[in-house]
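With compact mmCIF, C-alpha atoms inside, this is final30.txt:
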```txt
# COMPACT_ATOMS: atom_id res chain seq x y z
CA MET A 201 3.54 -27.12 46.21
CA ALA A 202 7.18 -26.32 46.98
CA ASP A 203 7.18 -24.26 43.77
CA ASP A 204 4.67 -21.89 45.33
CA PHE A 205 7.23 -20.66 47.79
CA ASN A 206 8.25 -17.34 46.31
CA PRO A 207 9.91 -14.87 48.69
CA SER A 208 9.79 -11.91 46.31
CA ARG A 209 6.05 -12.27 45.84
CA ARG A 210 5.72 -12.59 49.60
CA ARG A 211 7.56 -9.34 50.16
CA ALA A 212 5.45 -7.51 47.61
CA LEU A 213 2.22 -8.68 49.22
CA GLN A 214 3.44 -7.80 52.69
CA CYS A 215 3.34 -4.11 51.89
CA MET A 216 -0.41 -4.02 51.35
CA ALA A 217 -2.42 -1.93 53.79
CA PHE A 218 -4.79 -2.81 56.62
CA GLY A 219 -8.51 -2.34 56.04
CA GLY A 220 -11.45 -0.81 57.84
CA ALA A 221 -14.58 -2.95 58.12
CA GLY A 222 -12.79 -6.23 57.58
CA THR A 223 -9.44 -7.63 56.81
CA LEU A 224 -8.49 -10.34 54.40
CA PHE A 225 -5.40 -12.38 55.01
CA THR A 226 -3.68 -13.92 52.05
CA LEU A 227 -1.31 -16.70 52.84
CA SER A 228 1.47 -17.20 50.37
CA GLY A 229 4.38 -19.47 51.15
CA GLY A 230 3.47 -19.31 54.80
CA ILE A 231 3.24 -15.53 55.11
CA VAL A 232 -0.06 -13.96 55.98
CA THR A 233 -0.65 -10.60 54.40
CA PRO A 234 -3.38 -8.29 55.56
CA MET A 235 -5.22 -6.21 52.99
CA ALA A 236 -8.39 -4.16 53.11
CA LEU A 237 -11.57 -6.07 52.31
CA ALA A 238 -12.60 -3.24 49.99
CA GLN A 239 -9.36 -3.75 48.12
CA ALA A 240 -9.79 -7.51 48.18
CA ALA A 241 -13.23 -7.20 46.63
CA THR A 242 -11.64 -5.79 43.52
CA GLU A 243 -9.35 -8.84 43.27
CA LYS A 244 -10.71 -12.02 41.82
CA MET A 245 -12.15 -13.97 44.77
CA SER A 246 -12.51 -17.39 43.21
CA GLY A 247 -10.99 -19.32 46.09
CA LEU A 248 -12.35 -22.64 47.15
CA PRO A 249 -14.18 -22.29 50.46
CA LEU A 250 -12.05 -24.48 52.65
CA PHE A 251 -13.42 -24.05 56.13
CA LEU A 252 -15.00 -21.80 58.66
CA GLN A 253 -13.65 -21.03 62.12
CA ILE A 254 -16.10 -20.33 64.88
CA SER A 255 -14.94 -19.80 68.45
CA ASP A 256 -15.90 -19.07 72.02
CA THR A 257 -19.67 -19.44 71.72
CA HIS A 258 -19.89 -19.63 75.56
CA ILE A 259 -23.43 -21.01 75.57
CA GLY A 260 -24.74 -20.56 79.12
CA PHE A 261 -23.25 -17.10 79.63
CA ASN A 262 -25.98 -14.62 80.59
CA LYS A 263 -24.28 -11.58 82.12
CA ASP A 264 -24.31 -7.92 81.08
CA ALA A 265 -21.61 -8.30 78.41
CA ASN A 266 -24.20 -10.25 76.36
CA PRO A 267 -27.39 -11.59 77.98
CA ASP A 268 -28.28 -13.47 74.78
CA VAL A 269 -25.31 -15.52 73.55
CA ALA A 270 -27.69 -18.00 71.89
CA GLY A 271 -29.08 -15.06 69.91
CA THR A 272 -25.68 -13.90 68.68
CA LEU A 273 -24.76 -17.50 67.78
CA LYS A 274 -27.97 -17.66 65.73
CA GLU A 275 -26.98 -14.41 64.01
CA THR A 276 -23.56 -15.90 63.31
CA ILE A 277 -25.16 -18.99 61.80
CA ALA A 278 -27.40 -16.81 59.64
CA LEU A 279 -24.31 -14.94 58.46
CA VAL A 280 -22.64 -18.22 57.44
CA ASN A 281 -25.79 -19.59 55.85
CA ALA A 282 -26.01 -16.45 53.72
CA MET A 283 -22.53 -17.00 52.31
CA LYS A 284 -22.47 -17.63 48.57
CA THR A 285 -20.54 -20.85 48.85
CA ARG A 286 -20.84 -23.37 51.61
CA PRO A 287 -17.66 -23.99 53.61
CA ALA A 288 -16.72 -27.67 53.53
CA LEU A 289 -15.75 -27.78 57.20
CA THR A 290 -16.52 -25.93 60.38
CA ILE A 291 -13.87 -25.77 63.07
CA HIS A 292 -14.91 -24.68 66.55
CA THR A 293 -11.84 -23.64 68.53
CA GLY A 294 -13.37 -24.18 71.95
CA ASP A 295 -15.31 -22.67 74.82
CA ILE A 296 -18.42 -24.07 73.20
CA THR A 297 -20.06 -23.72 76.62
CA HIS A 298 -19.54 -21.37 79.53
CA LEU A 299 -19.73 -23.77 82.49
CA SER A 300 -19.32 -27.27 80.91
CA ARG A 301 -22.92 -28.15 81.75
CA ALA A 302 -24.74 -30.87 79.81
CA SER A 303 -27.64 -28.53 79.05
CA GLU A 304 -25.24 -25.93 77.64
CA PHE A 305 -23.60 -28.49 75.33
CA ASP A 306 -27.03 -29.68 74.18
CA ASN A 307 -28.15 -26.11 73.47
CA ALA A 308 -24.95 -25.38 71.54
CA LEU A 309 -25.27 -28.53 69.45
CA GLY A 310 -28.93 -27.81 68.79
CA LEU A 311 -28.12 -24.32 67.53
CA MET A 312 -25.15 -25.42 65.42
CA GLN A 313 -27.30 -28.02 63.67
CA ASP A 314 -28.71 -25.13 61.66
CA LEU A 315 -25.27 -24.27 60.32
CA ARG A 316 -25.25 -24.97 56.60
CA ALA A 317 -21.58 -25.84 56.48
CA GLY A 318 -19.71 -29.12 56.30
CA GLU A 319 -18.75 -31.41 59.12
CA LEU A 320 -18.03 -29.95 62.51
CA HIS A 321 -14.59 -30.30 64.09
CA THR A 322 -13.89 -29.17 67.63
CA VAL A 323 -11.24 -28.81 70.29
CA PRO A 324 -12.19 -28.04 73.90
CA GLY A 325 -11.65 -24.74 75.69
CA GLU A 326 -11.03 -24.60 79.43
CA HIS A 327 -14.69 -23.64 79.96
CA ASP A 328 -15.69 -26.97 78.35
CA VAL A 329 -13.68 -29.13 80.74
CA THR A 330 -14.11 -27.50 84.15
CA ASP A 331 -14.86 -30.90 85.69
CA GLY A 332 -11.28 -31.94 84.93
CA ALA A 333 -12.07 -35.00 82.85
CA GLY A 334 -14.20 -33.18 80.28
CA THR A 335 -16.96 -35.78 80.65
CA GLU A 336 -19.71 -33.80 78.91
CA TYR A 337 -17.37 -32.57 76.14
CA PHE A 338 -16.01 -36.02 75.32
CA ALA A 339 -19.46 -37.63 75.47
CA ARG A 340 -20.39 -35.45 72.50
CA PHE A 341 -17.14 -34.67 70.69
CA GLY A 342 -14.72 -37.42 71.75
CA LYS A 343 -15.31 -39.81 68.87
CA ALA A 344 -13.07 -38.09 66.30
CA SER A 345 -10.07 -38.37 68.59
CA ASP A 346 -10.67 -41.67 70.42
CA ASN A 347 -11.43 -39.52 73.45
CA ARG A 348 -7.96 -37.97 73.52
CA GLY A 349 -9.23 -34.62 72.24
CA TYR A 350 -6.32 -34.13 69.81
CA TYR A 351 -6.40 -35.61 66.31
CA SER A 352 -5.59 -34.92 62.68
CA PHE A 353 -7.23 -35.34 59.30
CA ASP A 354 -6.68 -34.36 55.69
CA HIS A 355 -8.96 -32.27 53.53
CA GLN A 356 -8.30 -30.90 50.03
CA GLY A 357 -4.59 -31.56 50.36
CA VAL A 358 -4.36 -29.64 53.63
CA HIS A 359 -3.33 -31.46 56.80
CA PHE A 360 -5.46 -30.37 59.77
CA ILE A 361 -4.34 -30.91 63.36
CA GLY A 362 -6.58 -30.25 66.37
CA LEU A 363 -4.66 -29.87 69.63
CA VAL A 364 -5.77 -29.61 73.27
CA ASN A 365 -3.93 -27.07 75.45
CA VAL A 366 -6.54 -26.60 78.19
CA MET A 367 -6.18 -29.82 80.20
CA ASN A 368 -2.60 -29.60 81.40
CA PHE A 369 -2.66 -26.54 83.60
CA LYS A 370 0.04 -26.10 86.23
CA PRO A 371 -0.21 -23.52 89.05
CA ASN A 372 0.73 -20.08 87.78
CA GLY A 373 1.10 -21.60 84.36
CA LEU A 374 -0.10 -21.13 80.85
CA GLY A 375 -1.99 -23.58 78.69
CA GLY A 376 -0.13 -26.80 77.98
CA PHE A 377 -0.08 -29.79 75.64
CA GLY A 378 1.80 -32.25 77.85
CA ASP A 379 4.43 -34.78 76.77
CA GLU A 380 2.05 -37.44 75.48
CA GLN A 381 0.34 -35.10 73.04
CA LEU A 382 3.66 -33.58 71.91
CA ALA A 383 5.00 -37.07 71.18
CA TRP A 384 1.84 -37.78 69.18
CA LEU A 385 2.27 -34.54 67.23
CA LYS A 386 5.89 -35.28 66.42
CA ASN A 387 4.88 -38.68 65.12
CA ASP A 388 1.91 -37.29 63.19
CA LEU A 389 4.18 -34.87 61.30
CA ALA A 390 7.22 -37.09 60.93
CA ALA A 391 6.41 -38.70 57.59
CA ARG A 392 4.89 -35.61 55.93
CA SER A 393 6.44 -33.65 53.12
CA SER A 394 7.49 -30.12 54.08
CA SER A 395 5.39 -28.79 51.21
CA ALA A 396 2.11 -30.02 52.73
CA PRO A 397 0.05 -27.03 53.95
CA ILE A 398 -0.68 -27.44 57.66
CA VAL A 399 -3.54 -25.96 59.65
CA VAL A 400 -3.29 -26.31 63.44
CA PHE A 401 -6.25 -25.44 65.63
CA ALA A 402 -6.26 -25.21 69.43
CA HIS A 403 -8.16 -23.10 71.92
CA MET A 404 -5.47 -21.08 73.68
CA PRO A 405 -3.03 -18.96 71.72
CA MET A 406 0.08 -20.91 70.79
CA TRP A 407 2.28 -17.93 71.46
CA THR A 408 2.47 -15.85 74.62
CA ILE A 409 0.33 -12.76 74.27
CA LEU A 410 0.15 -11.99 78.00
CA GLU A 411 1.59 -14.40 80.52
CA SER A 412 -0.11 -12.92 83.59
CA TRP A 413 -3.51 -13.54 82.01
CA GLY A 414 -2.61 -17.03 80.91
CA TRP A 415 -2.82 -16.00 77.26
CA GLY A 416 -0.33 -18.46 75.91
CA THR A 417 0.78 -22.10 75.88
CA GLY A 418 3.76 -22.99 78.06
CA ASP A 419 5.11 -25.84 75.92
CA ALA A 420 4.08 -24.39 72.54
CA GLU A 421 7.71 -23.96 71.55
CA GLN A 422 8.17 -27.72 71.36
CA ALA A 423 5.13 -28.07 69.10
CA LEU A 424 6.41 -25.23 66.90
CA SER A 425 9.80 -26.91 66.59
CA TYR A 426 8.06 -29.80 64.79
CA LEU A 427 6.17 -27.39 62.51
CA ARG A 428 8.98 -25.03 61.44
CA ARG A 429 10.21 -27.12 58.52
CA PHE A 430 6.85 -26.84 56.75
CA GLY A 431 6.42 -24.20 54.07
CA SER A 432 2.91 -23.17 55.10
CA VAL A 433 1.60 -23.42 58.67
CA THR A 434 -1.55 -21.63 59.79
CA ILE A 435 -2.28 -21.69 63.52
CA LEU A 436 -5.82 -20.81 64.52
CA ASN A 437 -6.73 -20.13 68.13
CA GLY A 438 -9.56 -18.59 70.15
CA HIS A 439 -9.69 -17.90 73.89
CA ILE A 440 -9.02 -14.15 73.88
CA HIS A 441 -12.20 -13.06 72.03
CA GLN A 442 -10.38 -10.69 69.69
CA ILE A 443 -8.11 -10.83 66.70
CA VAL A 444 -4.41 -10.86 67.38
CA GLN A 445 -2.00 -12.12 64.79
CA LYS A 446 1.65 -12.74 64.30
CA VAL A 447 3.88 -14.13 61.59
CA GLU A 448 7.03 -16.02 62.44
CA GLY A 449 8.91 -17.51 59.50
CA ASN A 450 6.42 -19.71 57.63
CA ILE A 451 4.07 -19.88 60.62
CA THR A 452 1.05 -17.61 60.81
CA PHE A 453 -0.72 -17.22 64.15
CA HIS A 454 -4.26 -15.87 64.25
CA THR A 455 -6.86 -15.70 67.03
CA ALA A 456 -10.57 -15.47 66.22
CA ARG A 457 -13.34 -13.32 67.61
CA SER A 458 -15.95 -14.84 69.90
CA THR A 459 -19.61 -15.10 68.94
CA ALA A 460 -20.58 -14.35 72.57
CA TYR A 461 -18.79 -11.35 74.11
CA PRO A 462 -15.58 -9.38 73.73
CA GLN A 463 -12.70 -9.36 76.19
CA PRO A 464 -10.41 -6.46 77.05
CA GLN A 465 -7.17 -5.91 75.23
CA ALA A 466 -4.24 -7.67 76.85
CA GLY A 467 -3.49 -6.22 80.27
CA VAL A 468 -6.34 -3.69 80.36
CA GLY A 469 -8.37 -4.06 83.57
CA ASP A 470 -8.54 -6.68 86.32
CA GLY A 471 -8.32 -9.77 84.19
CA PRO A 472 -9.46 -11.65 81.11
CA GLY A 473 -13.21 -11.47 81.81
CA PRO A 474 -16.24 -10.41 79.78
CA LEU A 475 -16.05 -6.83 78.53
CA VAL A 476 -19.24 -4.78 78.67
CA VAL A 477 -19.49 -2.46 75.66
CA PRO A 478 -22.32 -0.16 74.50
CA ALA A 479 -25.10 -2.23 72.93
CA GLY A 480 -24.54 -0.79 69.47
CA GLN A 481 -20.91 -1.83 69.56
CA LEU A 482 -21.27 -5.49 70.58
CA ARG A 483 -21.98 -6.97 67.16
CA HIS A 484 -18.96 -5.18 65.72
CA MET A 485 -16.82 -7.18 68.12
CA LEU A 486 -18.30 -10.64 67.48
CA GLY A 487 -17.72 -12.74 64.40
CA ILE A 488 -16.11 -15.57 62.52
CA THR A 489 -13.11 -16.34 60.34
CA ASP A 490 -13.38 -18.12 57.03
CA ILE A 491 -10.48 -19.70 55.28
CA ARG A 492 -10.29 -20.25 51.54
CA LEU A 493 -7.92 -22.30 49.51
CA GLN A 494 -6.84 -20.21 46.53
CA ARG A 495 -4.85 -21.84 43.80
CA HIS A 496 -1.60 -21.45 45.65
CA HIS A 497 -2.43 -20.21 49.11
CA LEU A 498 -4.83 -20.07 52.01
CA SER A 499 -6.63 -16.83 52.70
CA LEU A 500 -8.27 -15.86 55.99
CA THR A 501 -11.19 -13.46 56.15
CA ASP A 502 -12.56 -12.12 59.42
CA THR A 503 -16.19 -11.02 59.42
CA THR A 504 -18.15 -9.35 62.21
CA LEU A 505 -21.88 -9.80 62.80
CA VAL A 506 -22.57 -6.28 61.50
CA MET B 1 -25.97 -24.64 123.26
CA ASN B 2 -24.93 -20.98 123.29
CA ARG B 3 -28.50 -19.84 123.24
CA PHE B 4 -29.25 -22.04 126.22
CA ALA B 5 -26.23 -20.62 128.07
CA GLN B 6 -27.38 -17.06 127.37
CA LEU B 7 -30.58 -17.82 129.16
CA LEU B 8 -28.66 -18.96 132.20
CA ALA B 9 -26.32 -16.07 132.82
CA TYR B 10 -25.09 -13.08 130.83
CA PRO B 11 -21.37 -13.37 131.71
CA LEU B 12 -21.40 -17.03 130.88
CA ALA B 13 -23.05 -16.23 127.56
CA ILE B 14 -20.27 -13.75 126.70
CA PHE B 15 -17.66 -16.33 127.59
CA LEU B 16 -19.23 -19.02 125.45
CA PHE B 17 -19.76 -16.67 122.50
CA VAL B 18 -16.12 -15.61 122.48
CA ALA B 19 -14.97 -19.20 122.92
CA SER B 20 -17.05 -20.40 119.99
CA ALA B 21 -15.84 -17.52 117.76
CA ALA B 22 -12.22 -18.40 118.56
CA ALA B 23 -12.86 -21.99 117.56
CA ALA B 24 -14.63 -20.86 114.35
CA ASP B 25 -15.69 -23.87 112.35
CA SER B 26 -16.37 -22.03 109.12
CA HIS B 27 -14.34 -19.72 106.93
CA THR B 28 -15.15 -17.85 103.74
CA ILE B 29 -12.77 -17.04 100.90
CA ILE B 30 -13.95 -14.43 98.42
CA ILE B 31 -13.02 -14.84 94.75
CA LYS B 32 -12.82 -11.39 93.22
CA LYS B 33 -10.79 -9.68 90.51
CA PHE B 34 -9.19 -13.00 89.54
CA MET B 35 -7.82 -13.61 93.07
CA PHE B 36 -8.59 -15.83 96.02
CA ASN B 37 -8.91 -13.50 98.99
CA PRO B 38 -7.24 -14.28 101.27
CA MET B 39 -4.86 -16.43 99.27
CA ASP B 40 -3.42 -18.22 102.29
CA VAL B 41 -5.69 -19.34 105.10
CA THR B 42 -4.94 -21.29 108.27
CA VAL B 43 -7.84 -23.16 109.89
CA THR B 44 -8.27 -25.82 112.56
CA ALA B 45 -9.20 -29.36 111.59
CA GLY B 46 -12.92 -29.75 111.05
CA THR B 47 -13.37 -26.27 109.57
CA ASP B 48 -15.81 -25.84 106.75
CA VAL B 49 -14.24 -23.53 104.14
CA THR B 50 -16.54 -21.80 101.66
CA TRP B 51 -15.45 -20.05 98.47
CA GLU B 52 -17.78 -17.46 96.96
CA ASN B 53 -17.23 -16.14 93.44
CA GLN B 54 -17.95 -12.43 93.09
CA ASP B 55 -16.52 -12.11 89.56
CA GLY B 56 -18.68 -12.08 86.42
CA GLU B 57 -16.25 -14.68 85.06
CA PRO B 58 -16.54 -18.25 86.35
CA HIS B 59 -13.80 -19.77 88.48
CA THR B 60 -13.10 -23.17 89.96
CA VAL B 61 -11.45 -24.38 93.16
CA VAL B 62 -9.29 -27.39 92.35
CA SER B 63 -6.94 -29.15 94.76
CA LEU B 64 -3.50 -29.92 93.33
CA THR B 65 -3.60 -33.21 95.24
CA ASN B 66 -7.13 -34.20 94.19
CA ASP B 67 -8.57 -33.63 97.67
CA PHE B 68 -11.40 -31.36 96.52
CA ARG B 69 -12.79 -29.93 93.31
CA SER B 70 -15.61 -27.49 92.69
CA GLN B 71 -17.75 -27.26 89.60
CA ALA B 72 -17.42 -24.08 87.56
CA LEU B 73 -18.65 -21.37 89.93
CA ASP B 74 -20.63 -18.68 88.19
CA GLU B 75 -21.05 -15.25 89.78
CA LYS B 76 -22.43 -15.62 93.33
CA ASP B 77 -22.01 -19.42 93.31
CA LYS B 78 -20.43 -21.00 96.38
CA PHE B 79 -18.42 -24.13 97.03
CA SER B 80 -17.65 -25.63 100.45
CA HIS B 81 -15.25 -28.26 101.67
CA THR B 82 -14.64 -29.49 105.21
CA PHE B 83 -10.98 -29.90 106.10
CA ASP B 84 -10.74 -32.70 108.64
CA LYS B 85 -7.08 -33.67 108.35
CA PRO B 86 -4.18 -31.38 109.29
CA GLY B 87 -1.91 -30.57 106.38
CA THR B 88 -1.21 -28.07 103.61
CA TYR B 89 -3.68 -28.00 100.74
CA LYS B 90 -2.71 -26.07 97.63
CA TYR B 91 -5.32 -25.29 95.01
CA LEU B 92 -5.88 -23.31 91.82
CA CYS B 93 -8.59 -22.13 89.47
CA SER B 94 -8.54 -24.56 86.55
CA ILE B 95 -9.86 -21.86 84.22
CA HIS B 96 -7.22 -19.31 85.28
CA PRO B 97 -4.24 -21.22 86.68
CA LYS B 98 -2.58 -17.94 87.69
CA MET B 99 -5.08 -17.96 90.54
CA VAL B 100 -3.66 -20.06 93.37
CA GLY B 101 -4.27 -20.42 97.09
CA THR B 102 -3.31 -22.51 100.13
CA ILE B 103 -5.32 -23.85 103.04
CA THR B 104 -3.22 -24.85 106.04
CA VAL B 105 -5.09 -27.09 108.44
CA VAL B 106 -3.76 -27.39 112.00
CA ALA B 107 -4.89 -29.86 114.67
CA LYS B 108 -7.60 -28.67 117.03
```
Write out the structure in this file as structure tokens.
Amino acid sequence: MADDFNPSRRRALQCMAFGGAGTLFTLSGGIVTPMALAQAATEKMSGLPLFLQISDTHIGFNKDANPDVAGTLKETIALVNAMKTRPALTIHTGDITHLSRASEFDNALGLMQDLRAGELHTVPGEHDVTDGAGTEYFARFGKASDNRGYYSFDHQGVHFIGLVNVMNFKPNGLGGFGDEQLAWLKNDLAARSSSAPIVVFAHMPMWTILESWGWGTGDAEQALSYLRRFGSVTILNGHIHQIVQKVEGNITFHTARSTAYPQPQAGVGDGPGPLVVPAGQLRHMLGITDIRLQRHHLSLTDTTLV
Amino acid sequence: MNRFAQLLAYPLAIFLFVASAAAADSHTIIIKKFMFNPMDVTVTAGTDVTWENQDGEPHTVVSLTNDFRSQALDEKDKFSHTFDKPGTYKYLCSIHPKMVGTITVVAK
């Protein structure tokens, strides 16, 4: 895997242009490169479907920004089920529910049962743990992590790490992992070869997009310090209901769209609440991300409902 | 009690009404535009404080010292807590920790 690290190839790919309807992200040696989907379609797309990212389903939300979030989740599921190849894993990056209610979790699970994709992995969003302890979340999703919420697993040679940054809030603060989880992460990574591709998933962005809206993770820097030595790190977050991305060394940061409702761009308006858009526009702002393992790299594709 | 007093004599009724307003035993804090309004409130012991969410986004009211905790409050939902003991109670919204407030409770 270390042989795949090729800076000149990276630089060449970096120059490719952004696309219109969708954007494909090719990850080579840790660098994500955006290119137009139309352009990508002409390339050979024989990548192995690695996993699907779904985020911010907010089941229970019923306001003007989208009175039918169950409906748009169903449309999302139909979109996935129509994919040519079945993703081996589904990762939900949190805010499964809107108000952490048992009925909302049950509805979400019921809907996601129809997803023809591999096993479901989750991390909680702050909307899933509003009771503090996350009782309803852990009752349904705690098993994989021994009820800690954070855990890791390996799939197709990729090391996956789910982290929780929504249960350590301090006044005026950002999301946080807390010392116990950071110590666990350090230990989890300690024995791994730097050539192992790493995928980290957590609800809140692991870099500060807008501090005053809480769009960031206060102690993310410590987590990143453990990840920097790896040649390929992909960090997938949700929370902000729109795509924002950044590349820093070998670390690629990417936030996913919601399947429920959009949010304003950072700093526009009163705060990070639901954004009401004209009905015809909504489905252009909702969607999923799918991640493929090509021979030598991971590629990320963002798809909207229409 | 007041109503009974009003029946007795008008001036007495006025006096009692004003007296009871001064010793208000309830207080409402509006949650709007991602802020607790007012952020800092001083009440007398025994006051029932109610928070009402007027945002389309849910918020919570969570004591930093575990003295009180609301469920997620959807738009128009309310949460009340009676403050019996004098002291300073800081709280935040656990969904948006930038939102903070303080209730100062003074002896009656």
(request) Write out as a ChimeraX atom specification every residue belonging to chain A that has an atom at most 7 Å from any atom of chain B, counting all atoms listed in the file. (result) /A:299,326-327,330-331,369-373,412,414,470-471,473-474
(message) List the spatial neighbours of A:Glu411 as a PyMOL selection string - criterion: any atom at most 10 Å away, all atoms listed in the file, same-chain residues fewer than 2 positions off excluded.
(response) (chain A and resi 372-374+407-409+413-418+466-467) or (chain B and resi 98)
(message) I'd like the neighbourhood of A:Tyr350 as a ChimeraX atom specification, where a residue qualifies if any of its atoms comes within 9 Å (using all atoms listed in the file), though same-chain residues fewer than 2 positions away should be ignored.
(response) /A:323,344-348,352,361-364,381,384-385,402
(request) Extract, using only C-alpha atoms, all DNA, RNA and protein residues at most 8 Å from A:Met367, discarding same-chain residues fewer than 4 positions from it, and format them as a PyMOL selection string. (result) chain A and resi 326+329+332+375-377
(message) One number please: atom CA of A:Tyr351 to atom CA of A:Gly487, in Å, one decimal.
(response) 25.6 Å
(request) Tell me, in Å to one decimal, how far atom CA of A:Ile488 is from atom CA of A:Thr276. (result) 7.5 Å
(message) I want to know what sits within 8 Å of B:Thr50, based on only C-alpha atoms, with residues of the same chain fewer than 6 positions away left out; could you give that as a ChimeraX atom specification?
(response) /B:26-29,78-81
